[in-house]
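See below for final_37.pdb, which holds PDB, C-alpha atoms and all ligand atoms.
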```
MODEL        1
ATOM      1  CA  MET A  11      90.831 -42.392  20.435
ATOM      2  CA  ALA A  12      89.839 -38.785  19.799
ATOM      3  CA  ALA A  13      89.538 -37.232  23.221
ATOM      4  CA  ASP A  14      89.349 -33.641  24.493
ATOM      5  CA  GLY A  15      91.770 -32.662  27.231
ATOM      6  CA  ALA A  16      89.447 -29.946  28.578
ATOM      7  CA  SER A  17      87.253 -32.250  30.639
ATOM      8  CA  GLN A  18      87.940 -35.366  32.644
ATOM      9  CA  VAL A  19      85.841 -37.541  30.425
ATOM     10  CA  ALA A  20      86.711 -38.837  26.967
ATOM     11  CA  ILE A  21      84.841 -36.969  24.243
ATOM     12  CA  LEU A  22      84.670 -39.265  21.258
ATOM     13  CA  ARG A  23      84.186 -37.393  18.019
ATOM     14  CA  ASP A  24      83.881 -40.169  15.496
ATOM     15  CA  VAL A  25      82.200 -43.528  15.112
ATOM     16  CA  ALA A  26      85.518 -45.418  14.914
ATOM     17  CA  SER A  27      86.567 -44.065  18.341
ATOM     18  CA  LEU A  28      83.209 -44.941  19.835
ATOM     19  CA  ARG A  29      83.381 -48.460  18.439
ATOM     20  CA  ALA A  30      86.958 -48.918  19.717
ATOM     21  CA  GLN A  31      85.939 -47.831  23.219
ATOM     22  CA  VAL A  32      82.872 -50.063  23.230
ATOM     23  CA  ALA A  33      84.925 -53.017  21.911
ATOM     24  CA  GLN A  34      87.412 -52.553  24.746
ATOM     25  CA  TRP A  35      84.612 -52.645  27.316
ATOM     26  CA  ARG A  36      83.007 -55.644  25.645
ATOM     27  CA  ALA A  37      86.342 -57.492  25.747
ATOM     28  CA  GLN A  38      86.249 -57.000  29.523
ATOM     29  CA  GLY A  39      82.742 -58.469  29.637
ATOM     30  CA  GLU A  40      81.143 -55.110  30.492
ATOM     31  CA  THR A  41      77.585 -54.062  29.627
ATOM     32  CA  ILE A  42      76.810 -50.701  28.045
ATOM     33  CA  ALA A  43      73.956 -48.218  28.324
ATOM     34  CA  LEU A  44      73.481 -45.393  25.830
ATOM     35  CA  THR A  45      71.689 -42.142  26.616
ATOM     36  CA  PRO A  46      71.020 -40.183  23.419
ATOM     37  CA  THR A  47      70.717 -36.421  23.982
ATOM     38  CA  MET A  48      71.072 -33.138  22.147
ATOM     39  CA  GLY A  49      73.158 -31.673  24.963
ATOM     40  CA  ALA A  50      72.523 -28.501  26.990
ATOM     41  CA  LEU A  51      72.427 -30.930  29.876
ATOM     42  CA  HIS A  52      70.202 -30.284  32.881
ATOM     43  CA  ALA A  53      69.126 -32.347  35.864
ATOM     44  CA  GLY A  54      66.727 -34.322  33.658
ATOM     45  CA  HIS A  55      69.622 -35.584  31.539
ATOM     46  CA  VAL A  56      71.633 -36.360  34.654
ATOM     47  CA  ALA A  57      68.707 -38.465  35.903
ATOM     48  CA  LEU A  58      68.778 -40.362  32.592
ATOM     49  CA  LEU A  59      72.492 -40.946  33.046
ATOM     50  CA  LEU A  60      71.993 -42.210  36.598
ATOM     51  CA  GLU A  61      69.361 -44.611  35.272
ATOM     52  CA  ALA A  62      71.857 -45.739  32.612
ATOM     53  CA  LYS A  63      74.442 -46.374  35.315
ATOM     54  CA  ARG A  64      71.935 -48.507  37.219
ATOM     55  CA  CYS A  65      71.297 -50.582  34.093
ATOM     56  CA  ALA A  66      74.815 -51.235  32.818
ATOM     57  CA  ARG A  67      78.459 -51.190  33.876
ATOM     58  CA  ARG A  68      79.417 -48.511  31.318
ATOM     59  CA  SER A  69      77.487 -45.447  30.271
ATOM     60  CA  VAL A  70      77.810 -43.596  26.985
ATOM     61  CA  MET A  71      75.937 -40.368  26.366
ATOM     62  CA  SER A  72      75.615 -39.007  22.853
ATOM     63  CA  ILE A  73      75.370 -35.271  22.338
ATOM     64  CA  PHE A  74      74.249 -34.405  18.852
ATOM     65  CA  VAL A  75      71.895 -31.646  17.768
ATOM     66  CA  ASN A  76      70.310 -33.633  14.978
ATOM     67  CA  PRO A  77      69.425 -31.429  11.989
ATOM     68  CA  THR A  78      67.095 -33.983  10.400
ATOM     69  CA  GLN A  79      64.542 -33.748  13.217
ATOM     70  CA  PHE A  80      64.160 -29.958  12.938
ATOM     71  CA  ALA A  81      61.869 -28.360  10.368
ATOM     72  CA  PRO A  82      63.334 -25.355   8.491
ATOM     73  CA  THR A  83      61.209 -23.036  10.658
ATOM     74  CA  GLU A  84      62.459 -24.522  13.938
ATOM     75  CA  ASP A  85      65.361 -23.650  16.206
ATOM     76  CA  PHE A  86      68.175 -25.896  14.901
ATOM     77  CA  GLU A  87      70.659 -23.024  14.479
ATOM     78  CA  ASN A  88      69.845 -21.482  17.844
ATOM     79  CA  TYR A  89      69.413 -24.686  19.838
ATOM     80  CA  PRO A  90      71.590 -24.275  22.955
ATOM     81  CA  ARG A  91      75.028 -25.889  22.599
ATOM     82  CA  SER A  92      77.389 -26.128  25.572
ATOM     83  CA  LEU A  93      79.702 -29.095  25.114
ATOM     84  CA  GLU A  94      82.324 -28.087  27.686
ATOM     85  CA  ALA A  95      79.787 -27.505  30.427
ATOM     86  CA  ASP A  96      77.987 -30.698  29.393
ATOM     87  CA  ALA A  97      81.206 -32.700  29.641
ATOM     88  CA  ALA A  98      81.823 -31.364  33.145
ATOM     89  CA  LYS A  99      78.290 -32.313  34.243
ATOM     90  CA  PHE A 100      78.613 -35.723  32.638
ATOM     91  CA  ALA A 101      81.949 -36.380  34.348
ATOM     92  CA  ALA A 102      80.626 -35.165  37.707
ATOM     93  CA  ALA A 103      77.692 -37.575  37.423
ATOM     94  CA  GLY A 104      80.076 -40.478  36.781
ATOM     95  CA  GLY A 105      79.507 -41.061  33.051
ATOM     96  CA  ASP A 106      82.136 -42.999  31.110
ATOM     97  CA  ALA A 107      82.217 -41.628  27.559
ATOM     98  CA  LEU A 108      80.601 -38.803  25.653
ATOM     99  CA  PHE A 109      79.992 -39.277  21.945
ATOM    100  CA  ALA A 110      79.772 -35.867  20.263
ATOM    101  CA  PRO A 111      80.009 -36.333  16.503
ATOM    102  CA  SER A 112      79.837 -33.565  13.931
ATOM    103  CA  VAL A 113      77.000 -33.286  11.421
ATOM    104  CA  GLU A 114      79.480 -34.428   8.743
ATOM    105  CA  GLU A 115      80.370 -37.521  10.765
ATOM    106  CA  MET A 116      76.716 -38.467  11.152
ATOM    107  CA  TYR A 117      75.511 -37.462   7.705
ATOM    108  CA  GLY A 118      78.434 -37.897   5.345
ATOM    109  CA  GLU A 119      78.476 -36.782   1.748
ATOM    110  CA  GLY A 120      75.745 -38.482  -0.246
ATOM    111  CA  PHE A 121      73.742 -39.519   2.808
ATOM    112  CA  ALA A 122      70.375 -40.539   1.390
ATOM    113  CA  THR A 123      68.508 -42.761   3.829
ATOM    114  CA  LYS A 124      65.696 -42.075   6.238
ATOM    115  CA  ILE A 125      63.422 -44.219   8.325
ATOM    116  CA  VAL A 126      59.704 -43.900   7.670
ATOM    117  CA  VAL A 127      57.804 -44.347  10.912
ATOM    118  CA  GLY A 128      54.163 -45.218  11.498
ATOM    119  CA  GLY A 129      52.128 -46.442  14.460
ATOM    120  CA  PRO A 130      52.821 -44.150  17.431
ATOM    121  CA  ALA A 131      54.555 -41.701  15.069
ATOM    122  CA  GLU A 132      51.200 -41.091  13.395
ATOM    123  CA  ALA A 133      49.142 -40.669  16.549
ATOM    124  CA  GLY A 134      48.123 -37.123  15.653
ATOM    125  CA  LEU A 135      50.061 -35.483  18.498
ATOM    126  CA  GLU A 136      53.537 -34.023  17.824
ATOM    127  CA  ASP A 137      53.408 -35.408  14.284
ATOM    128  CA  ARG A 138      50.476 -33.131  13.476
ATOM    129  CA  PHE A 139      52.618 -30.064  14.181
ATOM    130  CA  ARG A 140      56.059 -31.475  13.300
ATOM    131  CA  PRO A 141      55.365 -33.836  10.384
ATOM    132  CA  THR A 142      59.009 -34.682   9.579
ATOM    133  CA  HIS A 143      60.250 -34.792  13.173
ATOM    134  CA  PHE A 144      59.934 -38.476  14.052
ATOM    135  CA  SER A 145      61.494 -39.687  10.828
ATOM    136  CA  GLY A 146      64.547 -37.609  11.751
ATOM    137  CA  VAL A 147      64.517 -38.882  15.329
ATOM    138  CA  ALA A 148      64.143 -42.533  14.275
ATOM    139  CA  THR A 149      66.905 -42.215  11.688
ATOM    140  CA  VAL A 150      69.430 -40.689  14.069
ATOM    141  CA  VAL A 151      68.513 -43.034  16.926
ATOM    142  CA  ALA A 152      68.873 -46.080  14.650
ATOM    143  CA  LYS A 153      72.300 -44.787  13.633
ATOM    144  CA  LEU A 154      73.346 -44.180  17.251
ATOM    145  CA  LEU A 155      72.166 -47.658  18.259
ATOM    146  CA  ASN A 156      74.132 -49.203  15.387
ATOM    147  CA  GLN A 157      77.194 -47.146  16.155
ATOM    148  CA  CYS A 158      77.259 -47.923  19.879
ATOM    149  CA  ARG A 159      75.426 -51.266  20.044
ATOM    150  CA  PRO A 160      74.432 -50.789  23.671
ATOM    151  CA  ASP A 161      72.573 -53.336  25.774
ATOM    152  CA  VAL A 162      70.182 -50.637  26.944
ATOM    153  CA  ALA A 163      69.194 -47.186  25.686
ATOM    154  CA  ILE A 164      67.488 -44.662  27.959
ATOM    155  CA  PHE A 165      64.953 -42.047  26.851
ATOM    156  CA  GLY A 166      63.010 -39.545  28.941
ATOM    157  CA  GLU A 167      59.255 -39.923  29.358
ATOM    158  CA  LYS A 168      59.116 -36.163  28.908
ATOM    159  CA  ASP A 169      59.094 -36.885  25.151
ATOM    160  CA  TYR A 170      56.512 -39.606  25.579
ATOM    161  CA  GLN A 171      55.552 -39.999  21.928
ATOM    162  CA  GLN A 172      59.243 -40.130  20.993
ATOM    163  CA  LEU A 173      59.769 -42.922  23.539
ATOM    164  CA  LYS A 174      56.970 -44.935  21.919
ATOM    165  CA  VAL A 175      58.267 -44.237  18.396
ATOM    166  CA  VAL A 176      61.804 -45.323  19.280
ATOM    167  CA  THR A 177      60.569 -48.438  21.084
ATOM    168  CA  ARG A 178      58.466 -49.403  18.058
ATOM    169  CA  MET A 179      61.304 -48.685  15.625
ATOM    170  CA  ALA A 180      63.844 -50.787  17.577
ATOM    171  CA  ARG A 181      61.385 -53.673  17.767
ATOM    172  CA  ASP A 182      60.374 -53.462  14.106
ATOM    173  CA  LEU A 183      63.975 -53.297  12.873
ATOM    174  CA  ASP A 184      65.126 -56.105  15.229
ATOM    175  CA  ILE A 185      67.702 -53.892  16.878
ATOM    176  CA  ASP A 186      69.049 -55.902  19.783
ATOM    177  CA  VAL A 187      68.629 -53.357  22.558
ATOM    178  CA  ALA A 188      66.299 -52.770  25.494
ATOM    179  CA  ILE A 189      64.670 -49.321  25.247
ATOM    180  CA  LEU A 190      63.904 -47.923  28.697
ATOM    181  CA  GLY A 191      61.897 -44.849  29.643
ATOM    182  CA  ALA A 192      62.831 -42.718  32.647
ATOM    183  CA  PRO A 193      60.436 -40.418  34.520
ATOM    184  CA  THR A 194      60.260 -36.688  33.808
ATOM    185  CA  ILE A 195      62.243 -34.486  36.194
ATOM    186  CA  ARG A 196      60.458 -31.291  37.255
ATOM    187  CA  GLU A 197      61.262 -27.968  38.850
ATOM    188  CA  PRO A 198      59.820 -27.619  42.363
ATOM    189  CA  ASP A 199      56.850 -25.743  40.847
ATOM    190  CA  GLY A 200      56.095 -28.620  38.463
ATOM    191  CA  LEU A 201      57.588 -27.321  35.204
ATOM    192  CA  ALA A 202      59.166 -30.230  33.311
ATOM    193  CA  LEU A 203      62.895 -29.667  32.788
ATOM    194  CA  SER A 204      63.721 -28.905  29.166
ATOM    195  CA  SER A 205      66.705 -27.373  27.394
ATOM    196  CA  ARG A 206      64.213 -24.991  25.775
ATOM    197  CA  ASN A 207      63.017 -23.532  29.107
ATOM    198  CA  ILE A 208      65.817 -20.963  28.780
ATOM    199  CA  TYR A 209      63.799 -19.342  25.981
ATOM    200  CA  LEU A 210      61.055 -18.329  28.461
ATOM    201  CA  SER A 211      60.854 -14.690  29.585
ATOM    202  CA  ALA A 212      60.428 -14.103  33.331
ATOM    203  CA  GLN A 213      56.691 -13.613  32.857
ATOM    204  CA  GLU A 214      56.367 -16.756  30.726
ATOM    205  CA  ARG A 215      58.449 -18.736  33.209
ATOM    206  CA  ALA A 216      56.014 -17.729  35.940
ATOM    207  CA  ALA A 217      53.056 -18.972  33.855
ATOM    208  CA  ALA A 218      54.762 -22.143  32.568
ATOM    209  CA  PRO A 219      54.051 -24.471  35.552
ATOM    210  CA  ASN A 220      50.342 -24.097  34.799
ATOM    211  CA  LEU A 221      50.732 -26.635  31.998
ATOM    212  CA  HIS A 222      51.659 -29.397  34.418
ATOM    213  CA  ALA A 223      49.120 -28.162  36.966
ATOM    214  CA  ALA A 224      46.366 -28.365  34.335
ATOM    215  CA  LEU A 225      47.340 -31.927  33.401
ATOM    216  CA  ALA A 226      47.504 -32.957  37.056
ATOM    217  CA  ARG A 227      44.064 -31.458  37.673
ATOM    218  CA  CYS A 228      42.734 -33.149  34.544
ATOM    219  CA  ALA A 229      44.034 -36.556  35.724
ATOM    220  CA  PHE A 230      42.454 -35.971  39.116
ATOM    221  CA  ASP A 231      39.119 -35.042  37.507
ATOM    222  CA  ILE A 232      39.117 -38.111  35.264
ATOM    223  CA  ASN A 233      39.953 -40.358  38.205
ATOM    224  CA  SER A 234      37.095 -38.705  40.122
ATOM    225  CA  GLY A 235      34.625 -39.761  37.428
ATOM    226  CA  ILE A 236      34.364 -36.568  35.371
ATOM    227  CA  SER A 237      34.106 -37.333  31.652
ATOM    228  CA  ILE A 238      37.360 -37.206  29.703
ATOM    229  CA  ASP A 239      35.956 -34.581  27.332
ATOM    230  CA  ALA A 240      34.891 -32.303  30.183
ATOM    231  CA  ALA A 241      38.206 -32.716  32.003
ATOM    232  CA  LEU A 242      40.194 -31.945  28.830
ATOM    233  CA  ALA A 243      38.035 -28.887  28.108
ATOM    234  CA  ALA A 244      38.713 -27.559  31.623
ATOM    235  CA  ALA A 245      42.472 -28.156  31.175
ATOM    236  CA  LYS A 246      42.499 -26.277  27.857
ATOM    237  CA  ALA A 247      40.548 -23.386  29.373
ATOM    238  CA  SER A 248      42.844 -23.133  32.375
ATOM    239  CA  ILE A 249      46.041 -22.912  30.321
ATOM    240  CA  ALA A 250      44.470 -20.482  27.847
ATOM    241  CA  ALA A 251      43.597 -18.250  30.810
ATOM    242  CA  VAL A 252      47.304 -17.807  31.642
ATOM    243  CA  GLY A 253      48.400 -17.141  28.070
ATOM    244  CA  PHE A 254      49.103 -20.550  26.533
ATOM    245  CA  GLU A 255      48.049 -21.319  22.981
ATOM    246  CA  ALA A 256      47.462 -25.061  22.941
ATOM    247  CA  ASP A 257      48.469 -27.246  20.001
ATOM    248  CA  TYR A 258      46.825 -30.210  21.713
ATOM    249  CA  VAL A 259      45.707 -31.497  25.088
ATOM    250  CA  GLU A 260      44.723 -35.128  24.655
ATOM    251  CA  ALA A 261      43.966 -38.323  26.558
ATOM    252  CA  ARG A 262      45.498 -41.362  24.892
ATOM    253  CA  ASP A 263      46.037 -45.048  25.467
ATOM    254  CA  ALA A 264      49.338 -45.154  27.368
ATOM    255  CA  GLN A 265      50.810 -47.872  25.141
ATOM    256  CA  THR A 266      49.457 -47.309  21.633
ATOM    257  CA  LEU A 267      48.682 -43.575  21.905
ATOM    258  CA  ALA A 268      45.302 -44.302  20.296
ATOM    259  CA  PRO A 269      42.472 -41.958  21.349
ATOM    260  CA  ILE A 270      40.677 -43.174  24.451
ATOM    261  CA  ALA A 271      37.139 -42.206  25.367
ATOM    262  CA  ARG A 272      36.561 -43.787  28.780
ATOM    263  CA  ARG A 273      38.675 -44.169  31.895
ATOM    264  CA  GLU A 274      37.866 -47.891  31.999
ATOM    265  CA  ASP A 275      39.394 -48.456  28.560
ATOM    266  CA  GLY A 276      42.882 -48.923  29.960
ATOM    267  CA  PRO A 277      45.986 -47.167  31.263
ATOM    268  CA  MET A 278      45.851 -43.631  29.977
ATOM    269  CA  ARG A 279      48.329 -40.835  29.353
ATOM    270  CA  LEU A 280      47.493 -37.138  29.132
ATOM    271  CA  LEU A 281      49.699 -35.338  26.627
ATOM    272  CA  ALA A 282      49.902 -31.646  25.837
ATOM    273  CA  ALA A 283      51.844 -29.203  23.707
ATOM    274  CA  ALA A 284      51.280 -25.485  24.050
ATOM    275  CA  ARG A 285      53.031 -22.282  23.138
ATOM    276  CA  LEU A 286      53.861 -19.487  25.525
ATOM    277  CA  GLY A 287      55.025 -16.630  23.352
ATOM    278  CA  LYS A 288      57.682 -18.110  21.058
ATOM    279  CA  THR A 289      58.401 -21.108  23.270
ATOM    280  CA  ARG A 290      56.631 -24.392  22.712
ATOM    281  CA  LEU A 291      56.348 -26.601  25.805
ATOM    282  CA  ILE A 292      55.326 -30.254  25.880
ATOM    283  CA  ASP A 293      54.355 -32.309  28.891
ATOM    284  CA  ASN A 294      52.512 -35.487  29.787
ATOM    285  CA  ILE A 295      51.414 -37.457  32.823
ATOM    286  CA  ALA A 296      49.941 -40.850  33.625
ATOM    287  CA  VAL A 297      46.306 -41.017  34.704
TER     288      VAL A 297
HETATM  289  O1  LIG A 301      65.193 -36.312  22.824
HETATM  290  C1  LIG A 301      66.197 -35.863  22.231
HETATM  291  O2  LIG A 301      67.025 -35.165  22.797
HETATM  292  C2  LIG A 301      66.403 -36.214  20.760
HETATM  293  O3  LIG A 301      65.197 -36.276  20.082
HETATM  294  C3  LIG A 301      67.209 -37.514  20.557
HETATM  295  C4  LIG A 301      66.488 -38.719  21.112
HETATM  296  C5  LIG A 301      68.563 -37.377  21.232
HETATM  297  C6  LIG A 301      67.437 -37.755  19.068
HETATM  298  O4  LIG A 301      68.127 -36.690  18.486
ENDMDL
END
```
Let me see the file written as structure tokens.
Amino acid sequence: MAADGASQVAILRDVASLRAQVAQWRAQGETIALTPTMGALHAGHVALLLEAKRCARRSVMSIFVNPTQFAPTEDFENYPRSLEADAAKFAAAGGDALFAPSVEEMYGEGFATKIVVGGPAEAGLEDRFRPTHFSGVATVVAKLLNQCRPDVAIFGEKDYQQLKVVTRMARDLDIDVAILGAPTIREPDGLALSSRNIYLSAQERAAAPNLHAALARCAFDINSGISIDAALAAAKASIAAVGFEADYVEARDAQTLAPIARREDGPMRLLAAARLGKTRLIDNIAV
């Protein structure tokens, strides 16, 4: 097994080591939960890990900054990477094994396959602004699920569209795993935890919680009988007033992500993406 001595937890660097570890646990009759991440762990990831530990005897977390889900203009090169600190956090939270493969391990020479995703991946939300993103996510998640073969895989509701895309993909490809969503963890002022929050300047950080506040107000308005269109317009205006440039603020069916026009039409999710300076924040809440 390839393991780093620096931390107290095994860091598996290749698929063979991961499979050997999982096989050993399986031989003992143990269940396994996988939490896929891109690292730069914060309390939101730790909450995912704790959920994984509730669901299965053994918990594997993958840390892989996946190049295929970044567009050339995005922050792949600069995405925060902190494996040693991540390993310490993972060990402190009681995780069992970290899987941290290299790009070469995941996408070997001649790699030529990608998953084409539809349904929730074409909802006109993130996909409108990041057209190749979900194909990259689905491809790497399918690989991770095949490599680890967990009983359960945990994804944050923070990336709500991603959760729906991955759930659809696992079902459509008959991957034998339960996909579970875990609630978004927030700062005390409401800002959803994200590895990209470190990009915010002090001034932007002060304005950032307004995104969640606007969604919360919007949900309240809709539940109070205000029309969805009017509530969304007020949300857009309130974030614009503090410097956000919105990509979208939308009300969608919570399951299918189809547009929804009336509160009575079913469980609803409000989803937003907006830029503050160079940083793009996403958030969503149930109505
Ligand atoms: O949500 C993320 O961190 C990534 O999109 C994921 C699911 C780990 C795939 O690279």
- Message: Assuming the chain letters and numbering stay as they are in my file, what does the PyMOL selection byres (((not hetatm)) within 6 of (chain A and resi 301)) actually select? List them as a ChimeraX atom specification.
- Response: /A:46-48,76,147,151
So that each row is one residue of stretch 15-52 of chain A with an atom at most 9 Å from stretch 155-174 of chain A, can you give its shortest atom pair and the distance in Å to one decimal, using all atoms listed in the file, rows by chain and rising number, as a tab-separated table?
```
residue	atom	partner	partner_atom	distance
A:Val25	CA	A:Gln157	CA	6.3
A:Ala26	CA	A:Gln157	CA	8.6
A:Leu28	CA	A:Cys158	CA	6.7
A:Arg29	CA	A:Cys158	CA	6.3
A:Val32	CA	A:Cys158	CA	6.9
A:Thr41	CA	A:Asp161	CA	6.4
A:Ile42	CA	A:Pro160	CA	5.0
A:Ala43	CA	A:Val162	CA	4.7
A:Leu44	CA	A:Ala163	CA	4.6
A:Thr45	CA	A:Ile164	CA	5.1
A:Pro46	CA	A:Phe165	CA	7.2
A:Thr47	CA	A:Phe165	CA	8.6
```
- Message: For a quick check of understanding, using only C-alpha atoms, which of A:Ala57, A:Ile185, A:Ala81, A:Val75 has the smallest distance to A:Phe139?
- Response: A:Ala81
- Message: Could you list, as a ChimeraX atom specification, every residue matched by the PyMOL selection byres (((chain A and resi 220) around 9) and not hetatm) in this structure?
- Response: /A:200-201,216-219,221-225,248-249,252
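Picked by the PyMOL selection byres (((chain A and resi 117) around 12) and not hetatm) from the coordinates shown: Asp24, Val25, Phe74, Asn76, Pro77, Thr78, Pro111, Ser112, Val113, Glu114, Glu115, Met116, Gly118, Glu119, Gly120, Phe121, Ala122, Thr123, Lys124, Gly146, Thr149, Val150, Lys153 and Leu154 of chain A.
The smallest atom-to-atom distance between A:Arg68 and any of A:Asn88, A:Gln34, A:Gln213, A:Thr83, using all atoms listed in the file, is found for A:Gln34.
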- Query: Can you tell me, as a PyMOL selection string, what residues are no more than 12 Å from A:Asn233 when counting all atoms listed in the file, ignoring any on the same chain fewer than 2 positions away?
  - Reply: chain A and resi 226-231+235-238+241+272-274+277-278+296-297
- Query: Please, what distance in Å, to one decimal, runs between atom CA of A:Ala107 and atom CA of A:Ser205?
  - Reply: 21.1 Å
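Minimum distance to A:Ala264 across A:Ile232, A:Gly276, A:Asp106, A:Gly191 (counting all atoms listed in the file) occurs at A:Gly276.
Minimum atom-to-atom distance to A:Asp293, evaluated using only C-alpha atoms, belongs to A:Thr194 out of A:Asp263, A:Thr194, A:Ala268, A:Phe254.
Distance-wise, atom CA of A:Leu210 and atom CA of A:Thr289 end up 6.5 Å apart.
Our summary of the geometry notes that atom CA of A:Ile270 is positioned 20.4 Å from atom CA of A:Ala247.
Each of A:Arg206, A:Lys288, A:Arg196, A:Lys246 was checked against A:Pro90 using all atoms listed in the file; the smallest atom-to-atom distance is that of A:Arg206.
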Mind working out the centre and edge lengths of an axis-aligned box for stretch 37-54 of chain A, all listed atoms inside, 5 Å added to each side, rounded to one decimal in Å and written as lines of an AutoDock Vina configuration file?
```
center_x = 76.5
center_y = -43.5
center_z = 29.0
size_x = 29.6
size_y = 40.0
size_z = 23.7
```
- Could you give me, as a list in words, the residues within 8 Å of A:Gly129, counting all atoms listed in the file and dropping anything in the same chain fewer than 6 positions from it? Val175, Arg178 and Thr266 of chain A
Could those selected residues go to a file with C-alpha atoms, as a tab-separated table (two decimals), keeping the file's coordinate frame?
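Output below, filename out.tsv:
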```tsv
chain	number	residue	atom	x	y	z
A	175	VAL	CA	58.27	-44.24	18.40
A	178	ARG	CA	58.47	-49.40	18.06
A	266	THR	CA	49.46	-47.31	21.63
```
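Each of A:Arg290, A:Ser204, A:Met179, A:Asp257 was compared to A:Arg138 using only C-alpha atoms, and A:Asp257 turns out to be the nearest.
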- Task: Write out as a PyMOL selection string the residues lying within 7 Å of A:Glu260, counting all atoms listed in the file and excluding same-chain residues fewer than 5 positions away.
- Result: chain A and resi 242+280-282
List every protein, DNA or RNA residue with an atom no more than 12 Å from (76.3, -29.0, 38.3) in the file's coordinates, counting all atoms listed in the file, and format the result as a PDB file with C-alpha atoms, keeping the file's coordinate frame.
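Here's the written file out.pdb:
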```
ATOM      1  CA  ALA A  50      72.523 -28.501  26.990  1.00  0.00           C
ATOM      2  CA  LEU A  51      72.427 -30.930  29.876  1.00  0.00           C
ATOM      3  CA  HIS A  52      70.202 -30.284  32.881  1.00  0.00           C
ATOM      4  CA  ALA A  53      69.126 -32.347  35.864  1.00  0.00           C
ATOM      5  CA  GLY A  54      66.727 -34.322  33.658  1.00  0.00           C
ATOM      6  CA  HIS A  55      69.622 -35.584  31.539  1.00  0.00           C
ATOM      7  CA  VAL A  56      71.633 -36.360  34.654  1.00  0.00           C
ATOM      8  CA  ALA A  95      79.787 -27.505  30.427  1.00  0.00           C
ATOM      9  CA  ASP A  96      77.987 -30.698  29.393  1.00  0.00           C
ATOM     10  CA  ALA A  97      81.206 -32.700  29.641  1.00  0.00           C
ATOM     11  CA  ALA A  98      81.823 -31.364  33.145  1.00  0.00           C
ATOM     12  CA  LYS A  99      78.290 -32.313  34.243  1.00  0.00           C
ATOM     13  CA  PHE A 100      78.613 -35.723  32.638  1.00  0.00           C
ATOM     14  CA  ALA A 101      81.949 -36.380  34.348  1.00  0.00           C
ATOM     15  CA  ALA A 102      80.626 -35.165  37.707  1.00  0.00           C
ATOM     16  CA  ALA A 103      77.692 -37.575  37.423  1.00  0.00           C
TER      17      ALA A 103
END
```
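Near (53.3, -32.1, 23.2), the residues that fall inside 7 Å on the basis of only C-alpha atoms are Leu135, Glu136, Tyr258, Leu281, Ala282, Ala283, Ala284, Leu291, Ile292 and Asp293 of chain A.
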